[in-house]
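See below for the structure under consideration.
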Amino acid sequence: MLAIAAHRDDVEQTCGGTLLRMAARGLHTAILDLTKGEAGTRGSAEARAREAAEAAHLLGVGWRQALDLPDGAVENTLENRLKIVRILRLLRPRVVILPYWQARHPDHSATATLGYEACFLSGLTKVEDGLPPHRPFKIVYASLYADVRPSFMWTLRLSCRNALPR
């Protein structure tokens with residue numbers, strides 16, 4: 001399972017509990033942050049990197065990286081889609097979690113479209129990057145601010161204390 005988000009800390013706020021639950025069930029989980037948080041109002045990119053690493057550890061996430069897209073200016077370009085394609089082909093997730101496409105922050109809505117289109121491109125054999133094609137089986141969306149009725153929910157029955165990796 002791979003969660004893709006615009007900023008470090010977006011995943012923790014939208015689907016961190018899902019990743020924690022999936023890791024507790026023994027599934028491989030990963031996070032791809034598209035930016036490094038250099039434009040954030042709270043802390044530096046370096047501080048956000050340390051926080052992201054600690055959060056990944058607490059959530060039992062086995063892989064987390066940040067791309068170099070500009071914070072506050074994420075755009076749906078072919079170059080950016082191909083950066084995500086490379087990660088999709090490396091990790092080969094069965095499920096991808098994207099931010100809901102209606103969002104307050106333009107980076108979040110851009111990430112939804114960018115991630116969706118990258119998932120499609122990743123399955124095309126003629127998009128060559130030296131890795132075999134892979135298209136995720138399912139894309140799901142997580143929302144923080146949009147007023148939407150969820151189509152399903154995973155419940156976390158373990159206490160967070162018992163679900164943390166030791």
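Starting from 1 in every chain, residues are counted up; chains themselves are A, B, ... following the order of the structure tokens, and ligands are numbered from 1 as listed.
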Which residues come within 8 Å of region 54-65 of chain A, counting only C-alpha atoms, excluding same-chain residues fewer than 3 positions away, as a list in words?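 Contacts, in chain order: Glu12, Gly16, Gly17, Leu19, Leu20, Ala23, Ala24, His28, Thr29, Ala30, Ile31, Leu32, Asp33, Arg50, Glu51, Leu164 and Pro165 of chain A.
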Keeping only N, CA and C atoms, take the residues you just selected and write them out as a PDB file, in the first residue's frame.
ATOM      1  N   GLU A  12      -0.189  11.592   7.473  1.00  0.00           N
ATOM      2  CA  GLU A  12      -0.483  11.354   8.878  1.00  0.00           C
ATOM      3  C   GLU A  12      -1.874  11.867   9.235  1.00  0.00           C
ATOM      4  N   GLY A  16      -3.156   8.084   8.108  1.00  0.00           N
ATOM      5  CA  GLY A  16      -2.161   7.470   8.982  1.00  0.00           C
ATOM      6  C   GLY A  16      -2.694   6.252   9.715  1.00  0.00           C
ATOM      7  N   GLY A  17      -3.929   6.327  10.179  1.00  0.00           N
ATOM      8  CA  GLY A  17      -4.542   5.189  10.871  1.00  0.00           C
ATOM      9  C   GLY A  17      -4.678   3.972   9.963  1.00  0.00           C
ATOM     10  N   LEU A  19      -2.694   3.253   7.394  1.00  0.00           N
ATOM     11  CA  LEU A  19      -1.348   2.690   7.230  1.00  0.00           C
ATOM     12  C   LEU A  19      -0.918   1.927   8.472  1.00  0.00           C
ATOM     13  N   LEU A  20      -1.225   2.466   9.640  1.00  0.00           N
ATOM     14  CA  LEU A  20      -0.903   1.790  10.896  1.00  0.00           C
ATOM     15  C   LEU A  20      -1.593   0.433  10.961  1.00  0.00           C
ATOM     16  N   ALA A  23      -0.044  -2.025   8.375  1.00  0.00           N
ATOM     17  CA  ALA A  23       1.264  -2.494   8.842  1.00  0.00           C
ATOM     18  C   ALA A  23       1.098  -3.502   9.979  1.00  0.00           C
ATOM     19  N   ALA A  24       0.147  -3.246  10.872  1.00  0.00           N
ATOM     20  CA  ALA A  24      -0.113  -4.173  11.983  1.00  0.00           C
ATOM     21  C   ALA A  24      -0.602  -5.521  11.473  1.00  0.00           C
ATOM     22  N   HIS A  28       2.949  -4.515   3.583  1.00  0.00           N
ATOM     23  CA  HIS A  28       3.997  -3.532   3.318  1.00  0.00           C
ATOM     24  C   HIS A  28       3.341  -2.188   3.039  1.00  0.00           C
ATOM     25  N   THR A  29       3.814  -1.152   3.715  1.00  0.00           N
ATOM     26  CA  THR A  29       3.261   0.188   3.534  1.00  0.00           C
ATOM     27  C   THR A  29       4.385   1.158   3.184  1.00  0.00           C
ATOM     28  N   ALA A  30       3.999   2.205   2.443  1.00  0.00           N
ATOM     29  CA  ALA A  30       4.982   3.188   1.998  1.00  0.00           C
ATOM     30  C   ALA A  30       4.307   4.544   1.854  1.00  0.00           C
ATOM     31  N   ILE A  31       5.124   5.599   1.918  1.00  0.00           N
ATOM     32  CA  ILE A  31       4.637   6.968   1.754  1.00  0.00           C
ATOM     33  C   ILE A  31       5.550   7.683   0.768  1.00  0.00           C
ATOM     34  N   LEU A  32       4.941   8.363  -0.192  1.00  0.00           N
ATOM     35  CA  LEU A  32       5.670   9.235  -1.107  1.00  0.00           C
ATOM     36  C   LEU A  32       5.144  10.649  -0.929  1.00  0.00           C
ATOM     37  N   ASP A  33       6.003  11.513  -0.411  1.00  0.00           N
ATOM     38  CA  ASP A  33       5.689  12.935  -0.299  1.00  0.00           C
ATOM     39  C   ASP A  33       6.243  13.602  -1.556  1.00  0.00           C
ATOM     40  N   ARG A  50      12.895  15.194   9.559  1.00  0.00           N
ATOM     41  CA  ARG A  50      13.058  14.435  10.809  1.00  0.00           C
ATOM     42  C   ARG A  50      11.698  13.981  11.342  1.00  0.00           C
ATOM     43  N   GLU A  51      10.720  14.880  11.341  1.00  0.00           N
ATOM     44  CA  GLU A  51       9.368  14.529  11.806  1.00  0.00           C
ATOM     45  C   GLU A  51       8.755  13.431  10.938  1.00  0.00           C
ATOM     46  N   LEU A 164       1.976  -0.215  17.630  1.00  0.00           N
ATOM     47  CA  LEU A 164       3.254   0.364  17.241  1.00  0.00           C
ATOM     48  C   LEU A 164       4.318  -0.711  17.170  1.00  0.00           C
ATOM     49  N   PRO A 165       5.241  -0.579  16.184  1.00  0.00           N
ATOM     50  CA  PRO A 165       6.331  -1.565  16.100  1.00  0.00           C
ATOM     51  C   PRO A 165       7.230  -1.451  17.331  1.00  0.00           C
TER      52      PRO A 165
END
For region 100-111 of chain A: contacts at 12 Å, only C-alpha atoms, fewer than 5 positions along chain excluded, given as a ChimeraX atom specification: /A:3-8,10-11,14-15,32-35,37,39,69-77,80-81,84,116-119,139-150
Write down as JSON, numbers by chain the residues of region 77-140 of chain A whose backbone DSSP state falls under helix (DSSP H, G or I). {"A": [78, 79, 80, 81, 82, 83, 84, 85, 86, 87, 88, 89, 90, 91, 106, 107, 108, 109, 110, 111, 112, 113, 114, 115, 116, 117, 118, 119, 120, 121, 122]}
Can you measure CA of His134 (chain A) to CA of Lys36 (chain A) for me? One decimal in Å is fine.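 Distance reported for this atom pair: 25.9 Å.
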